[in-house]
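Scroll down for the structure; my scribbles are underneath it.
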Protein chains: 2
Amino acid sequence: MRLLCPHTEAIWTRLARVEQALLTRIEADVKAAGFPPIVWYDVLISLANAPGGRARPLDLERTMLLPQYATSRLVDRLEQAGLVERQTCPTDGRGQFIAITPEGRKLQKKMWPTCAAAIERHLGSKLSVDERIQLRGLLEKLLS
Amino acid sequence: MRLLCPHTEAIWTRLARVEQALLTRIEADVKAAGFPPIVWYDVLISLANAPGGRARPLDLERTMLLPQYATSRLVDRLEQAGLVERQTCPTDGRGQFIAITPEGRKLQKKMWPTCAAAIERHLGSKLSVDERIQLRGLLEKLLS
DNA sequence: GACAATTACATGTAATTGCATCTAACAATA
DNA sequence: TATTGTTAGATGCAATTACATGTAATTGTC
């Protein structure tokens with residue numbers, strides 16, 4: 001009984017494997033350089049690029065597609081490490097801002113070359129420019 | 001300083017998000033139908049398709065790209081649930097076979113329509129046939 | 001065949017995640 | 001302004017994952 005297009009099935013299994021493999025390999029490179037997990041970098045770069053160097057937890061959640069509690073605890077750890085700081089939100093007493101600290105910016109800048117090299121090595125170098133453009137487009141379509 | 005092709009960077013961020021989002025959504029559908037996590041299904045289908053309905057843990061690891069300890073504990077849980085069974089390996093005293101049980105096969109068959117529908121809904125329906133073929137090829141290239 | 005090195009798998013412990021639920025602050029309605 | 005509903009975020013607890021290490025079997029070397 002064929003309930004599922006074979007291409008779809010192949011995509012589904014490969015997608016999980018590819019993401020898993022890339023994450024493992026890239027993370028290994030980053031850790032080998034003595035840096036924290038790459039998800040920390042994701043948060044830092046998000047904040048660094050946000051206006052005022054800060055964002056609402058809810059925005060982080062939506063950008064990173066993390067569940068609410070995961071964001072809350074990720075921020076805990078970053079705060080613990082002095083890389084971000086929780087600020088009260090003047091316009092909404094329930095909310096807050098997560099602001100990147102100077103040390104946070106410093107770490108983000110320091111991590112960038114290592115992260116970029118790892119991503120290039122394990123991902124970029126495997127595809128031609130045309131393929132990269134194609135893949136990018138297809139992934140964007142899947143996100144919508 | 002541009003250390004990284006912008007397409008590569010976009011692929012990297014999207015890939016993680018897409019996989020995360022799809023897994024969450026598909027898993028939610030499967031759980032809503034009262035089934036265990038989809039990774040259980042992955043193991044069961046692997047074993048069901050393997051000769052003799054069994055495979056070495058090492059093979060599972062390589063197929064699913066899981067770390068060794070994850071496989072070991074995943075098998076623990078499946079065994080606990082009576083879906084697989086550990087058998088000693090006659091040719092290698094260190095190793096073992098993980099064999100799917102009749103209940104395991106039954107569950108695998110029962111899960112299939114739900115899994116297929118979820119994957120089709122959240123993944124297949126988002127892309128045309130040509131796009132699926134393209135994406136499949138690109139992902140395969142990344143796995144090598 | 002003794003011995004070091006490797007391989008297959010398990011497991012203790014600490015960190016992280018998932019789920020459900022909680023609290024505090026808004027918002028809407030009466 | 002009391003009441004009810006909703007939203008932003010935190011948190012207790014159980015399940016899972018990561019890391020390091022352990023154990024037993026096997027292989028290679030002499």
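Following the order of the structure tokens, first chain is A, next is B, and so on, with residues numbered from 1 inside each chain and ligands from 1 in the order they appear.
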I'd like to know which residues of region 4-141 of chain A are strand (DSSP E or B) (by DSSP, run on the backbone); could you write them as a ChimeraX atom specification? /A:54-55,84-88,96-100
Write a file of the selected residues as a PDB file, in the first residue's frame, keeping N, CA, C and O atoms.
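Final output, saved to part.pdb:
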ATOM      1  N   ARG A  54      18.859  43.716  21.800  1.00  0.00           N
ATOM      2  CA  ARG A  54      17.983  42.994  22.713  1.00  0.00           C
ATOM      3  C   ARG A  54      16.693  42.586  22.019  1.00  0.00           C
ATOM      4  O   ARG A  54      16.315  43.160  20.996  1.00  0.00           O
ATOM      5  N   ALA A  55      16.040  41.610  22.593  1.00  0.00           N
ATOM      6  CA  ALA A  55      14.807  41.094  22.006  1.00  0.00           C
ATOM      7  C   ALA A  55      13.961  40.470  23.088  1.00  0.00           C
ATOM      8  O   ALA A  55      14.464  40.109  24.153  1.00  0.00           O
ATOM      9  N   VAL A  84      24.177  37.369  28.477  1.00  0.00           N
ATOM     10  CA  VAL A  84      22.980  38.167  28.252  1.00  0.00           C
ATOM     11  C   VAL A  84      22.466  38.623  29.612  1.00  0.00           C
ATOM     12  O   VAL A  84      22.921  38.144  30.647  1.00  0.00           O
ATOM     13  N   GLU A  85      21.495  39.504  29.548  1.00  0.00           N
ATOM     14  CA  GLU A  85      20.971  40.036  30.802  1.00  0.00           C
ATOM     15  C   GLU A  85      19.474  40.265  30.630  1.00  0.00           C
ATOM     16  O   GLU A  85      19.026  40.702  29.570  1.00  0.00           O
ATOM     17  N   ARG A  86      18.704  39.924  31.631  1.00  0.00           N
ATOM     18  CA  ARG A  86      17.257  40.118  31.556  1.00  0.00           C
ATOM     19  C   ARG A  86      16.926  41.536  31.982  1.00  0.00           C
ATOM     20  O   ARG A  86      17.379  41.995  33.020  1.00  0.00           O
ATOM     21  N   GLN A  87      16.134  42.202  31.174  1.00  0.00           N
ATOM     22  CA  GLN A  87      15.716  43.554  31.524  1.00  0.00           C
ATOM     23  C   GLN A  87      14.197  43.582  31.568  1.00  0.00           C
ATOM     24  O   GLN A  87      13.540  42.922  30.767  1.00  0.00           O
ATOM     25  N   THR A  88      13.641  44.381  32.482  1.00  0.00           N
ATOM     26  CA  THR A  88      12.188  44.479  32.518  1.00  0.00           C
ATOM     27  C   THR A  88      11.715  45.269  31.308  1.00  0.00           C
ATOM     28  O   THR A  88      12.387  46.176  30.825  1.00  0.00           O
ATOM     29  N   GLN A  96       9.733  40.882  29.154  1.00  0.00           N
ATOM     30  CA  GLN A  96      11.079  41.343  29.480  1.00  0.00           C
ATOM     31  C   GLN A  96      11.876  41.469  28.190  1.00  0.00           C
ATOM     32  O   GLN A  96      11.422  41.076  27.114  1.00  0.00           O
ATOM     33  N   PHE A  97      13.036  42.046  28.315  1.00  0.00           N
ATOM     34  CA  PHE A  97      13.962  42.043  27.205  1.00  0.00           C
ATOM     35  C   PHE A  97      15.166  41.209  27.577  1.00  0.00           C
ATOM     36  O   PHE A  97      15.617  41.252  28.718  1.00  0.00           O
ATOM     37  N   ILE A  98      15.673  40.483  26.599  1.00  0.00           N
ATOM     38  CA  ILE A  98      16.937  39.795  26.772  1.00  0.00           C
ATOM     39  C   ILE A  98      17.965  40.624  26.020  1.00  0.00           C
ATOM     40  O   ILE A  98      17.859  40.792  24.804  1.00  0.00           O
ATOM     41  N   ALA A  99      18.930  41.149  26.745  1.00  0.00           N
ATOM     42  CA  ALA A  99      19.923  42.023  26.114  1.00  0.00           C
ATOM     43  C   ALA A  99      21.285  41.354  26.110  1.00  0.00           C
ATOM     44  O   ALA A  99      21.692  40.738  27.100  1.00  0.00           O
ATOM     45  N   ILE A 100      21.984  41.478  25.015  1.00  0.00           N
ATOM     46  CA  ILE A 100      23.330  40.923  24.944  1.00  0.00           C
ATOM     47  C   ILE A 100      24.277  41.841  25.723  1.00  0.00           C
ATOM     48  O   ILE A 100      24.142  43.072  25.687  1.00  0.00           O
TER      49      ILE A 100
END
Please give the complete set of residues from chain B that DSSP, run on the backbone, assigns to helix (DSSP H, G or I), formatted as a PyMOL selection string. chain B and resi 6-32+38-49+51-53+57-64+68-80+102-122+124-126+129-143
Chain A fitted onto chain B, all C-alpha pairs in order, as a short mmCIF file (atom, residue, chain, number, x, y, z; two decimals) with N, CA and C atoms, in the first residue's frame:
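File selection23.cif, as written:
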data_model
loop_
_atom_site.label_atom_id
_atom_site.label_comp_id
_atom_site.auth_asym_id
_atom_site.auth_seq_id
_atom_site.Cartn_x
_atom_site.Cartn_y
_atom_site.Cartn_z
N MET A 1 33.18 41.34 7.42
CA MET A 1 34.03 40.23 6.95
C MET A 1 33.14 39.06 6.53
N ARG A 2 33.23 38.72 5.29
CA ARG A 2 32.38 37.64 4.77
C ARG A 2 33.17 36.33 4.76
N LEU A 3 32.94 35.54 5.76
CA LEU A 3 33.68 34.29 5.87
C LEU A 3 32.90 33.14 5.28
N LEU A 4 31.63 33.41 4.98
CA LEU A 4 30.76 32.29 4.67
C LEU A 4 29.80 32.72 3.57
N CYS A 5 29.66 31.85 2.57
CA CYS A 5 28.70 32.11 1.50
C CYS A 5 27.32 32.34 2.13
N PRO A 6 26.64 33.40 1.73
CA PRO A 6 25.33 33.70 2.34
C PRO A 6 24.31 32.59 2.11
N HIS A 7 24.43 31.89 1.00
CA HIS A 7 23.50 30.78 0.77
C HIS A 7 23.76 29.67 1.78
N THR A 8 25.03 29.40 1.97
CA THR A 8 25.38 28.36 2.95
C THR A 8 24.84 28.72 4.32
N GLU A 9 25.02 29.96 4.68
CA GLU A 9 24.54 30.40 5.99
C GLU A 9 23.02 30.24 6.09
N ALA A 10 22.34 30.65 5.04
CA ALA A 10 20.88 30.53 5.04
C ALA A 10 20.46 29.06 5.12
N ILE A 11 21.15 28.22 4.39
CA ILE A 11 20.82 26.79 4.44
C ILE A 11 20.98 26.26 5.85
N TRP A 12 22.07 26.63 6.46
CA TRP A 12 22.36 26.13 7.80
C TRP A 12 21.26 26.51 8.79
N THR A 13 20.88 27.76 8.77
CA THR A 13 19.86 28.16 9.74
C THR A 13 18.51 27.54 9.39
N ARG A 14 18.17 27.54 8.10
CA ARG A 14 16.87 26.98 7.71
C ARG A 14 16.79 25.49 7.97
N LEU A 15 17.89 24.82 7.72
CA LEU A 15 17.88 23.37 7.85
C LEU A 15 17.50 22.95 9.26
N ALA A 16 18.14 23.60 10.21
CA ALA A 16 17.84 23.27 11.60
C ALA A 16 16.38 23.58 11.92
N ARG A 17 15.91 24.74 11.46
CA ARG A 17 14.53 25.13 11.75
C ARG A 17 13.54 24.19 11.09
N VAL A 18 13.79 23.89 9.83
CA VAL A 18 12.86 23.04 9.09
C VAL A 18 12.75 21.68 9.76
N GLU A 19 13.89 21.13 10.08
CA GLU A 19 13.87 19.79 10.66
C GLU A 19 13.13 19.82 11.99
N GLN A 20 13.47 20.80 12.78
CA GLN A 20 12.85 20.99 14.07
C GLN A 20 11.34 21.16 13.97
N ALA A 21 10.93 22.01 13.04
CA ALA A 21 9.50 22.29 12.88
C ALA A 21 8.77 21.05 12.40
N LEU A 22 9.34 20.38 11.41
CA LEU A 22 8.67 19.20 10.86
C LEU A 22 8.56 18.12 11.92
N LEU A 23 9.66 17.90 12.62
CA LEU A 23 9.66 16.86 13.64
C LEU A 23 8.59 17.16 14.68
N THR A 24 8.54 18.38 15.13
CA THR A 24 7.55 18.76 16.13
C THR A 24 6.14 18.53 15.63
N ARG A 25 5.87 18.98 14.42
CA ARG A 25 4.50 18.87 13.90
C ARG A 25 4.10 17.44 13.63
N ILE A 26 5.01 16.71 13.01
CA ILE A 26 4.69 15.32 12.67
C ILE A 26 4.54 14.49 13.94
N GLU A 27 5.49 14.71 14.85
CA GLU A 27 5.43 14.00 16.12
C GLU A 27 4.12 14.30 16.87
N ALA A 28 3.69 15.55 16.78
CA ALA A 28 2.45 15.92 17.47
C ALA A 28 1.28 15.13 16.89
N ASP A 29 1.22 15.02 15.58
CA ASP A 29 0.14 14.25 14.96
C ASP A 29 0.18 12.79 15.40
N VAL A 30 1.38 12.26 15.42
CA VAL A 30 1.53 10.84 15.76
C VAL A 30 1.16 10.60 17.23
N LYS A 31 1.60 11.50 18.07
CA LYS A 31 1.26 11.36 19.49
C LYS A 31 -0.23 11.57 19.73
N ALA A 32 -0.79 12.50 18.98
CA ALA A 32 -2.22 12.77 19.14
C ALA A 32 -3.03 11.51 18.82
N ALA A 33 -2.50 10.67 17.97
CA ALA A 33 -3.17 9.42 17.64
C ALA A 33 -2.88 8.34 18.69
N GLY A 34 -2.16 8.72 19.74
CA GLY A 34 -1.91 7.77 20.82
C GLY A 34 -0.71 6.87 20.61
N PHE A 35 0.18 7.27 19.70
CA PHE A 35 1.33 6.42 19.40
C PHE A 35 2.60 6.93 20.08
N PRO A 36 3.58 6.05 20.21
CA PRO A 36 4.87 6.45 20.78
C PRO A 36 5.65 7.34 19.81
N PRO A 37 6.80 7.87 20.27
CA PRO A 37 7.58 8.77 19.43
C PRO A 37 7.95 8.14 18.09
N ILE A 38 8.13 8.98 17.12
CA ILE A 38 8.33 8.49 15.75
C ILE A 38 9.67 7.79 15.60
N VAL A 39 10.60 8.06 16.49
CA VAL A 39 11.89 7.37 16.40
C VAL A 39 11.70 5.88 16.69
N TRP A 40 10.71 5.55 17.49
CA TRP A 40 10.39 4.14 17.71
C TRP A 40 9.96 3.51 16.38
N TYR A 41 9.15 4.26 15.67
CA TYR A 41 8.71 3.75 14.37
C TYR A 41 9.89 3.52 13.44
N ASP A 42 10.84 4.46 13.46
CA ASP A 42 12.03 4.32 12.62
C ASP A 42 12.77 3.02 12.91
N VAL A 43 12.91 2.74 14.19
CA VAL A 43 13.61 1.50 14.55
C VAL A 43 12.80 0.29 14.06
N LEU A 44 11.50 0.32 14.33
CA LEU A 44 10.66 -0.82 13.97
C LEU A 44 10.68 -1.06 12.47
N ILE A 45 10.58 -0.01 11.69
CA ILE A 45 10.55 -0.20 10.24
C ILE A 45 11.91 -0.69 9.74
N SER A 46 12.96 -0.20 10.35
CA SER A 46 14.30 -0.68 10.01
C SER A 46 14.41 -2.18 10.22
N LEU A 47 13.98 -2.59 11.40
CA LEU A 47 14.07 -4.01 11.74
C LEU A 47 13.14 -4.83 10.86
N ALA A 48 11.94 -4.32 10.64
CA ALA A 48 10.96 -5.06 9.85
C ALA A 48 11.50 -5.34 8.45
N ASN A 49 12.27 -4.38 7.92
CA ASN A 49 12.81 -4.54 6.57
C ASN A 49 14.13 -5.28 6.53
N ALA A 50 14.73 -5.49 7.69
CA ALA A 50 16.02 -6.19 7.71
C ALA A 50 15.80 -7.69 7.55
N PRO A 51 16.75 -8.38 6.98
CA PRO A 51 16.63 -9.83 6.82
C PRO A 51 16.49 -10.51 8.18
N GLY A 52 15.45 -11.33 8.30
CA GLY A 52 15.21 -12.02 9.56
C GLY A 52 14.55 -11.14 10.61
N GLY A 53 14.21 -9.91 10.21
CA GLY A 53 13.57 -9.00 11.16
C GLY A 53 14.49 -8.62 12.30
N ARG A 54 15.78 -8.59 12.03
CA ARG A 54 16.69 -8.24 13.11
C ARG A 54 17.96 -7.59 12.57
N ALA A 55 18.64 -6.89 13.43
CA ALA A 55 19.85 -6.18 13.03
C ALA A 55 20.74 -5.99 14.23
N ARG A 56 22.00 -5.73 13.96
CA ARG A 56 22.94 -5.44 15.03
C ARG A 56 22.76 -4.00 15.49
N PRO A 57 22.94 -3.74 16.78
CA PRO A 57 22.86 -2.36 17.27
C PRO A 57 23.74 -1.42 16.44
N LEU A 58 24.91 -1.90 16.10
CA LEU A 58 25.83 -1.08 15.32
C LEU A 58 25.22 -0.66 13.99
N ASP A 59 24.45 -1.57 13.38
CA ASP A 59 23.78 -1.22 12.12
C ASP A 59 22.71 -0.16 12.35
N LEU A 60 21.98 -0.31 13.43
CA LEU A 60 20.97 0.70 13.75
C LEU A 60 21.63 2.06 13.95
N GLU A 61 22.71 2.04 14.68
CA GLU A 61 23.45 3.28 14.89
C GLU A 61 23.79 3.96 13.59
N ARG A 62 24.33 3.18 12.68
CA ARG A 62 24.77 3.77 11.42
C ARG A 62 23.60 4.20 10.57
N THR A 63 22.54 3.42 10.57
CA THR A 63 21.37 3.79 9.78
C THR A 63 20.74 5.07 10.31
N MET A 64 20.59 5.13 11.61
CA MET A 64 19.88 6.26 12.19
C MET A 64 20.81 7.39 12.59
N LEU A 65 22.10 7.19 12.44
CA LEU A 65 23.09 8.20 12.82
C LEU A 65 22.92 8.64 14.27
N LEU A 66 22.71 7.68 15.11
CA LEU A 66 22.61 7.98 16.54
C LEU A 66 23.90 7.60 17.23
N PRO A 67 24.24 8.28 18.33
CA PRO A 67 25.41 7.84 19.09
C PRO A 67 25.15 6.47 19.71
N GLN A 68 26.21 5.80 20.02
CA GLN A 68 26.11 4.42 20.50
C GLN A 68 25.22 4.30 21.73
N TYR A 69 25.41 5.18 22.69
CA TYR A 69 24.65 5.05 23.93
C TYR A 69 23.17 5.34 23.71
N ALA A 70 22.88 6.18 22.73
CA ALA A 70 21.48 6.49 22.46
C ALA A 70 20.77 5.25 21.91
N THR A 71 21.46 4.55 21.03
CA THR A 71 20.89 3.32 20.50
C THR A 71 20.64 2.32 21.60
N SER A 72 21.66 2.17 22.44
CA SER A 72 21.55 1.21 23.54
C SER A 72 20.31 1.50 24.38
N ARG A 73 20.09 2.77 24.67
CA ARG A 73 18.97 3.10 25.55
C ARG A 73 17.63 3.12 24.84
N LEU A 74 17.67 3.43 23.58
CA LEU A 74 16.44 3.35 22.78
C LEU A 74 15.98 1.90 22.72
N VAL A 75 16.92 1.02 22.50
CA VAL A 75 16.59 -0.41 22.48
C VAL A 75 16.06 -0.85 23.84
N ASP A 76 16.66 -0.35 24.91
CA ASP A 76 16.14 -0.65 26.25
C ASP A 76 14.64 -0.37 26.32
N ARG A 77 14.27 0.82 25.84
CA ARG A 77 12.87 1.22 25.97
C ARG A 77 11.95 0.39 25.09
N LEU A 78 12.42 0.10 23.90
CA LEU A 78 11.61 -0.73 23.00
C LEU A 78 11.47 -2.14 23.56
N GLU A 79 12.55 -2.61 24.16
CA GLU A 79 12.51 -3.95 24.74
C GLU A 79 11.54 -3.97 25.92
N GLN A 80 11.65 -2.95 26.73
CA GLN A 80 10.75 -2.77 27.87
C GLN A 80 9.29 -2.86 27.43
N ALA A 81 9.03 -2.27 26.29
CA ALA A 81 7.66 -2.23 25.76
C ALA A 81 7.30 -3.50 25.01
N GLY A 82 8.24 -4.42 24.94
CA GLY A 82 7.95 -5.69 24.28
C GLY A 82 7.93 -5.64 22.77
N LEU A 83 8.51 -4.60 22.20
CA LEU A 83 8.46 -4.43 20.75
C LEU A 83 9.66 -5.03 20.04
N VAL A 84 10.75 -5.15 20.76
CA VAL A 84 11.93 -5.80 20.21
C VAL A 84 12.50 -6.72 21.29
N GLU A 85 13.46 -7.51 20.87
CA GLU A 85 14.03 -8.45 21.83
C GLU A 85 15.52 -8.59 21.53
N ARG A 86 16.33 -8.63 22.56
CA ARG A 86 17.77 -8.77 22.36
C ARG A 86 18.11 -10.24 22.23
N GLN A 87 18.86 -10.56 21.21
CA GLN A 87 19.29 -11.95 21.02
C GLN A 87 20.81 -11.98 21.00
N THR A 88 21.39 -13.05 21.54
CA THR A 88 22.85 -13.14 21.48
C THR A 88 23.27 -13.43 20.05
N CYS A 89 24.42 -12.92 19.72
CA CYS A 89 24.94 -13.09 18.36
C CYS A 89 25.86 -14.30 18.33
N PRO A 90 25.54 -15.28 17.53
CA PRO A 90 26.33 -16.52 17.54
C PRO A 90 27.75 -16.32 17.02
N THR A 91 27.92 -15.39 16.11
CA THR A 91 29.24 -15.25 15.49
C THR A 91 30.15 -14.28 16.24
N ASP A 92 29.58 -13.51 17.15
CA ASP A 92 30.40 -12.56 17.89
C ASP A 92 29.84 -12.38 19.29
N GLY A 93 30.52 -12.92 20.24
CA GLY A 93 30.06 -12.94 21.63
C GLY A 93 29.88 -11.58 22.24
N ARG A 94 30.55 -10.57 21.69
CA ARG A 94 30.37 -9.22 22.22
C ARG A 94 29.06 -8.61 21.77
N GLY A 95 28.68 -9.03 20.57
CA GLY A 95 27.54 -8.39 19.91
C GLY A 95 26.21 -9.03 20.22
N GLN A 96 25.19 -8.54 19.57
CA GLN A 96 23.86 -9.10 19.75
C GLN A 96 23.01 -8.76 18.54
N PHE A 97 21.85 -9.35 18.49
CA PHE A 97 20.88 -8.95 17.49
C PHE A 97 19.70 -8.32 18.18
N ILE A 98 19.16 -7.29 17.56
CA ILE A 98 17.91 -6.73 18.02
C ILE A 98 16.85 -7.23 17.05
N ALA A 99 15.91 -8.00 17.57
CA ALA A 99 14.89 -8.59 16.70
C ALA A 99 13.53 -7.98 16.99
N ILE A 100 12.79 -7.70 15.96
CA ILE A 100 11.44 -7.17 16.14
C ILE A 100 10.52 -8.32 16.57
N THR A 101 9.64 -8.06 17.51
CA THR A 101 8.70 -9.09 17.97
C THR A 101 7.40 -8.96 17.17
N PRO A 102 6.54 -9.95 17.30
CA PRO A 102 5.23 -9.84 16.62
C PRO A 102 4.48 -8.58 17.04
N GLU A 103 4.53 -8.23 18.31
CA GLU A 103 3.87 -7.00 18.74
C GLU A 103 4.52 -5.79 18.08
N GLY A 104 5.83 -5.87 17.92
CA GLY A 104 6.55 -4.79 17.24
C GLY A 104 6.05 -4.62 15.82
N ARG A 105 5.90 -5.73 15.13
CA ARG A 105 5.40 -5.65 13.75
C ARG A 105 3.99 -5.11 13.71
N LYS A 106 3.22 -5.54 14.69
CA LYS A 106 1.83 -5.09 14.73
C LYS A 106 1.76 -3.58 14.91
N LEU A 107 2.56 -3.10 15.84
CA LEU A 107 2.55 -1.66 16.09
C LEU A 107 3.05 -0.89 14.87
N GLN A 108 4.09 -1.40 14.26
CA GLN A 108 4.63 -0.73 13.07
C GLN A 108 3.56 -0.60 12.00
N LYS A 109 2.84 -1.66 11.77
CA LYS A 109 1.79 -1.62 10.74
C LYS A 109 0.68 -0.67 11.13
N LYS A 110 0.38 -0.67 12.43
CA LYS A 110 -0.70 0.19 12.88
C LYS A 110 -0.33 1.67 12.80
N MET A 111 0.96 1.93 13.01
CA MET A 111 1.40 3.33 13.00
C MET A 111 1.53 3.89 11.59
N TRP A 112 1.78 3.04 10.63
CA TRP A 112 2.14 3.50 9.29
C TRP A 112 1.17 4.52 8.69
N PRO A 113 -0.13 4.23 8.67
CA PRO A 113 -1.03 5.21 8.03
C PRO A 113 -0.97 6.59 8.70
N THR A 114 -0.91 6.59 10.01
CA THR A 114 -0.83 7.87 10.72
C THR A 114 0.47 8.60 10.40
N CYS A 115 1.58 7.88 10.43
CA CYS A 115 2.87 8.49 10.12
C CYS A 115 2.89 9.01 8.70
N ALA A 116 2.42 8.18 7.79
CA ALA A 116 2.44 8.59 6.39
C ALA A 116 1.59 9.83 6.16
N ALA A 117 0.43 9.85 6.76
CA ALA A 117 -0.45 11.00 6.59
C ALA A 117 0.19 12.26 7.16
N ALA A 118 0.82 12.12 8.32
CA ALA A 118 1.45 13.29 8.95
C ALA A 118 2.58 13.82 8.08
N ILE A 119 3.38 12.90 7.56
CA ILE A 119 4.51 13.32 6.73
C ILE A 119 4.01 13.96 5.44
N GLU A 120 3.01 13.38 4.87
CA GLU A 120 2.44 13.94 3.65
C GLU A 120 1.88 15.33 3.91
N ARG A 121 1.21 15.45 5.02
CA ARG A 121 0.56 16.72 5.33
C ARG A 121 1.57 17.85 5.58
N HIS A 122 2.59 17.53 6.36
CA HIS A 122 3.51 18.60 6.77
C HIS A 122 4.69 18.78 5.84
N LEU A 123 4.94 17.79 5.00
CA LEU A 123 6.12 17.86 4.14
C LEU A 123 5.75 17.73 2.67
N GLY A 124 5.21 16.60 2.31
CA GLY A 124 4.95 16.31 0.90
C GLY A 124 4.09 17.35 0.22
N SER A 125 3.06 17.76 0.90
CA SER A 125 2.09 18.66 0.27
C SER A 125 2.65 20.06 0.03
N LYS A 126 3.82 20.33 0.61
CA LYS A 126 4.39 21.67 0.46
C LYS A 126 5.22 21.82 -0.82
N LEU A 127 5.52 20.70 -1.47
CA LEU A 127 6.42 20.74 -2.63
C LEU A 127 5.82 20.03 -3.83
N SER A 128 6.16 20.49 -5.00
CA SER A 128 5.75 19.79 -6.22
C SER A 128 6.62 18.54 -6.40
N VAL A 129 6.22 17.70 -7.31
CA VAL A 129 6.99 16.47 -7.52
C VAL A 129 8.42 16.79 -7.94
N ASP A 130 8.58 17.74 -8.84
CA ASP A 130 9.93 18.11 -9.26
C ASP A 130 10.77 18.62 -8.12
N GLU A 131 10.14 19.42 -7.29
CA GLU A 131 10.87 19.95 -6.14
C GLU A 131 11.27 18.84 -5.19
N ARG A 132 10.38 17.89 -5.04
CA ARG A 132 10.71 16.78 -4.14
C ARG A 132 11.92 16.01 -4.67
N ILE A 133 11.92 15.78 -5.96
CA ILE A 133 13.05 15.06 -6.55
C ILE A 133 14.35 15.83 -6.35
N GLN A 134 14.27 17.12 -6.58
CA GLN A 134 15.45 17.97 -6.39
C GLN A 134 15.95 17.91 -4.95
N LEU A 135 15.03 18.13 -4.04
CA LEU A 135 15.40 18.19 -2.62
C LEU A 135 15.99 16.86 -2.17
N ARG A 136 15.36 15.81 -2.60
CA ARG A 136 15.87 14.49 -2.24
C ARG A 136 17.32 14.33 -2.68
N GLY A 137 17.58 14.72 -3.91
CA GLY A 137 18.93 14.59 -4.44
C GLY A 137 19.94 15.44 -3.66
N LEU A 138 19.53 16.64 -3.35
CA LEU A 138 20.44 17.53 -2.63
C LEU A 138 20.75 16.98 -1.24
N LEU A 139 19.74 16.47 -0.58
CA LEU A 139 19.97 15.93 0.76
C LEU A 139 20.88 14.71 0.70
N GLU A 140 20.66 13.91 -0.33
CA GLU A 140 21.50 12.73 -0.44
C GLU A 140 22.96 13.13 -0.63
N LYS A 141 23.15 14.18 -1.37
CA LYS A 141 24.50 14.67 -1.60
C LYS A 141 25.15 15.13 -0.28
N LEU A 142 24.34 15.72 0.54
CA LEU A 142 24.87 16.22 1.81
C LEU A 142 25.22 15.09 2.77
N LEU A 143 24.60 13.98 2.59
CA LEU A 143 24.85 12.86 3.51
C LEU A 143 26.16 12.14 3.19
N SER A 144 26.63 12.30 2.00
CA SER A 144 27.81 11.50 1.58
C SER A 144 29.10 12.09 2.13
#
Report as number ranges by chain the set of chain C residues whose atoms approach chain A to within 12 Å, with distances computed over only C-alpha atoms (C1' of nucleotides). C: 15-20, 23-26
Please list as a ChimeraX atom specification every residue within 12 Å of DT23 (chain D), counting only C-alpha atoms (C1' of nucleotides) and excluding residues in the same chain fewer than 5 positions away. /B:94 /C:8-11
Expected answer as a list in words: chain D residues within 12 Å of chain A, only C-alpha atoms (C1' of nucleotides): DT7, DA8, DG9, DA10, DT11 and DA18 of chain D
Resulting file, chosen residues, C-alpha atoms (C1' of nucleotides), as a PDB file, in the first residue's frame:
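Writing done, so here's again_24.pdb:
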ATOM      1  C1'  DT D   7      -0.736  36.245  27.453  1.00  0.00           C
ATOM      2  C1'  DA D   8       4.417  36.259  28.972  1.00  0.00           C
ATOM      3  C1'  DG D   9       7.297  33.803  31.193  1.00  0.00           C
ATOM      4  C1'  DA D  10       8.990  30.470  35.131  1.00  0.00           C
ATOM      5  C1'  DT D  11       9.347  26.032  37.269  1.00  0.00           C
ATOM      6  C1'  DA D  18      25.464  13.589  26.743  1.00  0.00           C
TER       7       DA D  18
END
Can you list, as a PyMOL selection string, every protein, DNA or RNA residue that comes within 12 Å of DC30 (chain D) when you count only C-alpha atoms (C1' of nucleotides), leaving out same-chain residues fewer than 6 positions away? chain C and resi 1-4
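Between C1' of DA25 (chain D) and C1' of DT13 (chain C) there is a distance of 26.2 Å.
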